[in-house]
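Engineer: structure_1.cif is reproduced below (mmCIF, N, CA, C and O atoms).
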data_coords
loop_
_atom_site.label_atom_id
_atom_site.label_comp_id
_atom_site.auth_asym_id
_atom_site.auth_seq_id
_atom_site.Cartn_x
_atom_site.Cartn_y
_atom_site.Cartn_z
N MET A 1 -26.28 -25.78 28.26
CA MET A 1 -25.28 -25.32 29.18
C MET A 1 -23.97 -25.09 28.43
O MET A 1 -23.50 -25.93 27.69
N ALA A 2 -23.36 -23.92 28.61
CA ALA A 2 -22.12 -23.57 27.92
C ALA A 2 -20.93 -24.25 28.60
O ALA A 2 -20.91 -24.43 29.81
N THR A 3 -19.96 -24.62 27.78
CA THR A 3 -18.77 -25.26 28.31
C THR A 3 -17.87 -24.19 28.93
O THR A 3 -17.57 -23.18 28.32
N SER A 4 -17.45 -24.43 30.16
CA SER A 4 -16.58 -23.49 30.85
C SER A 4 -15.13 -23.75 30.50
O SER A 4 -14.73 -24.87 30.24
N VAL A 5 -14.35 -22.71 30.51
CA VAL A 5 -12.92 -22.80 30.28
C VAL A 5 -12.24 -22.22 31.51
O VAL A 5 -12.60 -21.14 32.00
N CYS A 6 -11.25 -22.92 32.01
CA CYS A 6 -10.52 -22.46 33.19
C CYS A 6 -9.76 -21.19 32.85
O CYS A 6 -9.06 -21.12 31.84
N GLN A 7 -9.89 -20.17 33.68
CA GLN A 7 -9.22 -18.89 33.44
C GLN A 7 -7.74 -18.95 33.80
O GLN A 7 -6.98 -18.07 33.45
N ASN A 8 -7.34 -20.00 34.51
CA ASN A 8 -5.94 -20.13 34.90
C ASN A 8 -5.13 -20.90 33.86
O ASN A 8 -4.09 -20.43 33.41
N CYS A 9 -5.61 -22.08 33.46
CA CYS A 9 -4.81 -22.93 32.57
C CYS A 9 -5.46 -23.18 31.21
O CYS A 9 -4.83 -23.73 30.32
N GLY A 10 -6.74 -22.81 31.02
CA GLY A 10 -7.40 -22.98 29.73
C GLY A 10 -8.03 -24.35 29.52
O GLY A 10 -8.53 -24.65 28.45
N SER A 11 -8.00 -25.19 30.54
CA SER A 11 -8.55 -26.53 30.44
C SER A 11 -10.08 -26.48 30.44
O SER A 11 -10.69 -25.55 30.94
N ARG A 12 -10.70 -27.52 29.87
CA ARG A 12 -12.16 -27.64 29.89
C ARG A 12 -12.61 -28.81 30.76
O ARG A 12 -13.77 -29.18 30.73
N ARG A 13 -11.69 -29.37 31.51
CA ARG A 13 -12.02 -30.52 32.37
C ARG A 13 -12.34 -30.03 33.78
O ARG A 13 -11.47 -29.53 34.50
N PHE A 14 -13.58 -30.18 34.17
CA PHE A 14 -14.03 -29.76 35.50
C PHE A 14 -14.72 -30.92 36.20
O PHE A 14 -15.21 -31.85 35.56
N ARG A 15 -14.74 -30.84 37.52
CA ARG A 15 -15.51 -31.80 38.31
C ARG A 15 -16.13 -31.05 39.48
O ARG A 15 -15.63 -30.01 39.91
N ALA A 16 -17.24 -31.56 39.99
CA ALA A 16 -17.92 -30.95 41.12
C ALA A 16 -17.23 -31.39 42.40
O ALA A 16 -17.03 -32.58 42.64
N ASP A 17 -16.86 -30.44 43.25
CA ASP A 17 -16.18 -30.74 44.50
C ASP A 17 -17.19 -30.67 45.64
O ASP A 17 -17.76 -29.62 45.91
N ARG A 18 -17.39 -31.78 46.30
CA ARG A 18 -18.38 -31.84 47.38
C ARG A 18 -17.98 -31.00 48.57
O ARG A 18 -18.83 -30.44 49.26
N SER A 19 -16.69 -30.88 48.83
CA SER A 19 -16.25 -30.08 49.97
C SER A 19 -16.48 -28.58 49.76
O SER A 19 -16.47 -27.82 50.70
N MET A 20 -16.70 -28.19 48.50
CA MET A 20 -16.98 -26.79 48.19
C MET A 20 -18.43 -26.61 47.75
O MET A 20 -18.75 -25.76 46.93
N ALA A 21 -19.32 -27.44 48.29
CA ALA A 21 -20.76 -27.36 48.05
C ALA A 21 -21.10 -27.56 46.58
O ALA A 21 -21.97 -26.91 46.03
N GLY A 22 -20.39 -28.46 45.91
CA GLY A 22 -20.68 -28.78 44.52
C GLY A 22 -20.11 -27.83 43.50
O GLY A 22 -20.45 -27.90 42.33
N ARG A 23 -19.27 -26.94 43.93
CA ARG A 23 -18.67 -25.97 43.01
C ARG A 23 -17.72 -26.67 42.05
O ARG A 23 -17.04 -27.62 42.40
N LEU A 24 -17.69 -26.20 40.80
CA LEU A 24 -16.83 -26.81 39.79
C LEU A 24 -15.37 -26.44 40.04
O LEU A 24 -15.04 -25.29 40.31
N VAL A 25 -14.51 -27.46 39.93
CA VAL A 25 -13.07 -27.28 40.14
C VAL A 25 -12.35 -27.86 38.94
O VAL A 25 -12.68 -28.94 38.46
N CYS A 26 -11.35 -27.13 38.45
CA CYS A 26 -10.56 -27.59 37.30
C CYS A 26 -9.74 -28.81 37.71
O CYS A 26 -9.11 -28.82 38.76
N GLN A 27 -9.75 -29.85 36.88
CA GLN A 27 -8.99 -31.05 37.18
C GLN A 27 -7.50 -30.88 36.88
O GLN A 27 -6.68 -31.61 37.41
N SER A 28 -7.15 -29.91 36.07
CA SER A 28 -5.74 -29.70 35.73
C SER A 28 -5.00 -28.90 36.78
O SER A 28 -3.93 -29.28 37.23
N CYS A 29 -5.57 -27.75 37.18
CA CYS A 29 -4.85 -26.86 38.10
C CYS A 29 -5.47 -26.80 39.49
O CYS A 29 -4.83 -26.31 40.41
N GLY A 30 -6.71 -27.23 39.66
CA GLY A 30 -7.35 -27.24 40.97
C GLY A 30 -8.02 -25.95 41.37
O GLY A 30 -8.51 -25.81 42.48
N LEU A 31 -8.07 -24.97 40.46
CA LEU A 31 -8.70 -23.69 40.76
C LEU A 31 -10.20 -23.78 40.55
O LEU A 31 -10.66 -24.44 39.61
N ALA A 32 -10.98 -23.16 41.42
CA ALA A 32 -12.43 -23.18 41.28
C ALA A 32 -12.85 -22.41 40.03
O ALA A 32 -12.24 -21.40 39.68
N ALA A 33 -13.89 -22.88 39.35
CA ALA A 33 -14.37 -22.24 38.13
C ALA A 33 -14.92 -20.86 38.47
O ALA A 33 -15.58 -20.65 39.49
N GLY A 34 -14.62 -19.89 37.61
CA GLY A 34 -15.11 -18.53 37.80
C GLY A 34 -14.20 -17.69 38.67
O GLY A 34 -14.50 -16.53 38.92
N THR A 35 -13.09 -18.23 39.12
CA THR A 35 -12.15 -17.44 39.91
C THR A 35 -10.87 -17.28 39.13
O THR A 35 -10.52 -18.10 38.30
N ARG A 36 -10.20 -16.22 39.41
CA ARG A 36 -8.91 -15.96 38.76
C ARG A 36 -7.79 -16.25 39.75
O ARG A 36 -7.97 -16.08 40.94
N PRO A 37 -6.65 -16.65 39.25
CA PRO A 37 -5.53 -16.91 40.15
C PRO A 37 -5.07 -15.63 40.83
O PRO A 37 -5.12 -14.56 40.25
N ASN A 38 -4.63 -15.76 42.06
CA ASN A 38 -4.14 -14.62 42.82
C ASN A 38 -2.70 -14.36 42.42
O ASN A 38 -1.80 -15.07 42.81
N ARG A 39 -2.49 -13.31 41.65
CA ARG A 39 -1.13 -12.99 41.18
C ARG A 39 -0.51 -11.85 41.97
O ARG A 39 0.55 -11.38 41.64
N SER A 40 -1.17 -11.38 42.99
CA SER A 40 -0.64 -10.28 43.78
C SER A 40 0.09 -10.80 45.02
O SER A 40 -0.19 -10.43 46.14
N ILE A 41 1.05 -11.67 44.78
CA ILE A 41 1.84 -12.23 45.87
C ILE A 41 2.82 -11.16 46.35
O ILE A 41 3.54 -10.57 45.56
N VAL A 42 2.83 -10.93 47.63
CA VAL A 42 3.73 -9.94 48.19
C VAL A 42 5.11 -10.58 48.35
O VAL A 42 5.29 -11.54 49.07
N ARG A 43 6.06 -10.02 47.63
CA ARG A 43 7.42 -10.53 47.69
C ARG A 43 8.29 -9.49 48.39
O ARG A 43 8.09 -8.29 48.22
N PRO A 44 9.24 -9.96 49.14
CA PRO A 44 10.11 -8.97 49.79
C PRO A 44 10.90 -8.18 48.75
O PRO A 44 11.45 -8.74 47.82
N SER A 45 10.91 -6.89 48.93
CA SER A 45 11.62 -6.05 47.97
C SER A 45 13.11 -6.02 48.30
O SER A 45 13.55 -6.48 49.35
N GLY A 46 13.87 -5.47 47.42
CA GLY A 46 15.30 -5.36 47.63
C GLY A 46 15.63 -4.45 48.80
O GLY A 46 16.63 -4.59 49.47
N ARG A 47 14.77 -3.48 49.06
CA ARG A 47 14.99 -2.55 50.17
C ARG A 47 15.03 -3.28 51.51
O ARG A 47 15.88 -3.01 52.32
N SER A 48 14.08 -4.16 51.75
CA SER A 48 14.05 -4.84 53.04
C SER A 48 15.28 -5.71 53.22
O SER A 48 15.80 -5.82 54.33
N ARG A 49 15.77 -6.29 52.15
CA ARG A 49 17.00 -7.09 52.25
C ARG A 49 18.19 -6.18 52.56
O ARG A 49 19.06 -6.53 53.35
N GLN A 50 18.23 -5.02 51.92
CA GLN A 50 19.32 -4.08 52.19
C GLN A 50 19.26 -3.58 53.63
O GLN A 50 20.30 -3.43 54.27
N GLN A 51 18.06 -3.34 54.12
CA GLN A 51 17.93 -2.87 55.49
C GLN A 51 18.39 -3.94 56.47
O GLN A 51 19.07 -3.62 57.45
N ARG A 52 18.02 -5.19 56.20
CA ARG A 52 18.50 -6.27 57.06
C ARG A 52 20.01 -6.36 57.00
O ARG A 52 20.68 -6.57 58.03
N TRP A 53 20.60 -6.24 55.84
CA TRP A 53 22.04 -6.31 55.69
C TRP A 53 22.72 -5.17 56.47
O TRP A 53 23.72 -5.36 57.15
N ARG A 54 22.15 -3.98 56.38
CA ARG A 54 22.71 -2.83 57.10
C ARG A 54 22.64 -3.04 58.61
O ARG A 54 23.58 -2.70 59.33
N TRP A 55 21.53 -3.57 59.09
CA TRP A 55 21.40 -3.84 60.52
C TRP A 55 22.44 -4.87 60.97
O TRP A 55 23.05 -4.73 62.02
N LEU A 56 22.65 -5.88 60.16
CA LEU A 56 23.63 -6.91 60.50
C LEU A 56 25.04 -6.34 60.53
O LEU A 56 25.80 -6.59 61.47
N VAL A 57 25.39 -5.53 59.54
CA VAL A 57 26.72 -4.91 59.51
C VAL A 57 26.88 -3.97 60.69
O VAL A 57 27.93 -3.96 61.36
N GLY A 58 25.85 -3.19 60.99
CA GLY A 58 25.90 -2.29 62.14
C GLY A 58 26.08 -3.03 63.45
O GLY A 58 26.86 -2.63 64.32
N LEU A 59 25.38 -4.14 63.59
CA LEU A 59 25.48 -4.95 64.80
C LEU A 59 26.88 -5.54 64.95
O LEU A 59 27.46 -5.52 66.05
N VAL A 60 27.45 -6.01 63.85
CA VAL A 60 28.82 -6.56 63.89
C VAL A 60 29.82 -5.48 64.29
O VAL A 60 30.71 -5.71 65.11
N ILE A 61 29.67 -4.27 63.75
CA ILE A 61 30.57 -3.16 64.09
C ILE A 61 30.45 -2.82 65.57
O ILE A 61 31.47 -2.63 66.25
N VAL A 62 29.24 -2.75 66.09
CA VAL A 62 29.04 -2.45 67.51
C VAL A 62 29.67 -3.55 68.37
O VAL A 62 30.34 -3.24 69.37
N VAL A 63 29.50 -4.78 68.03
CA VAL A 63 30.08 -5.88 68.80
C VAL A 63 31.61 -5.79 68.77
O VAL A 63 32.27 -5.96 69.81
N ILE A 64 32.18 -5.51 67.61
CA ILE A 64 33.65 -5.37 67.52
C ILE A 64 34.14 -4.21 68.38
O ILE A 64 35.15 -4.32 69.10
N LEU A 65 33.43 -3.07 68.35
CA LEU A 65 33.81 -1.94 69.18
C LEU A 65 33.75 -2.28 70.67
O LEU A 65 34.64 -1.89 71.44
N ILE A 66 32.73 -2.98 71.08
CA ILE A 66 32.60 -3.37 72.49
C ILE A 66 33.75 -4.29 72.89
O ILE A 66 34.35 -4.14 73.95
N VAL A 67 34.08 -5.26 72.03
CA VAL A 67 35.17 -6.19 72.33
C VAL A 67 36.50 -5.43 72.41
O VAL A 67 37.31 -5.68 73.32
N VAL A 68 36.75 -4.48 71.49
CA VAL A 68 38.00 -3.72 71.52
C VAL A 68 38.08 -2.84 72.76
O VAL A 68 39.13 -2.76 73.40
N LEU A 69 37.01 -2.17 73.11
CA LEU A 69 37.01 -1.28 74.29
C LEU A 69 37.11 -2.07 75.60
O LEU A 69 37.70 -1.58 76.56
N MET A 70 36.56 -3.27 75.67
CA MET A 70 36.61 -4.07 76.89
C MET A 70 37.97 -4.77 77.05
O MET A 70 38.39 -5.08 78.15
N GLY A 71 38.63 -5.04 75.92
CA GLY A 71 39.85 -5.86 75.98
C GLY A 71 41.07 -5.07 75.96
O GLY A 71 41.74 -4.40 76.55
#
Would you mind writing the file's structure down as structure tokens?
Structural biologist:
Amino acid sequence: MATSVCQNCGSRRFRADRSMAGRLVCQSCGLAAGTRPNRSIVRPSGRSRQQRWRWLVGLVIVVILIVVLMG
């Protein structure tokens, strides 16, 4: 049997996890053997932050206009 190397951290320490039907799990990082880490994390882009900022500024301007026109 060939020694497995974790594709995430490079460790050779594995143990069988009963909750995963005996699948090998790295003792260092906890990733299942034969799987790669998910690096496609969706992060909010700068655009969405700018859009939120614009909405907030627009809302503040509208509120100020309403207060000035009512008062």
Engineer: Could you check which of A:Gln51, A:Val63, A:Asp17, A:Gly10 is closest to Cys29 in chain A, using all atoms listed in the file?
Structural biologist: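 The closest residue to Cys29 in chain A is A:Gly10.
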Engineer: For the atom pair CA of Leu69 in chain A and CA of Gln50 in chain A, what is the interatomic distance in Å to one decimal place?
Structural biologist: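 Computed distance, CA of Leu69 in chain A to CA of Gln50 in chain A, equals 28.4 Å.
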Engineer: Go through A:Trp53, A:Ser28, A:Ser19, A:Gly34 one by one, measure the shortest atom-to-atom distance of each to Val5 in chain A using all atoms listed in the file, and give the residue with the smallest value.
Structural biologist: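 Looking at the shortest contact to Val5 in chain A, the residue is A:Gly34.
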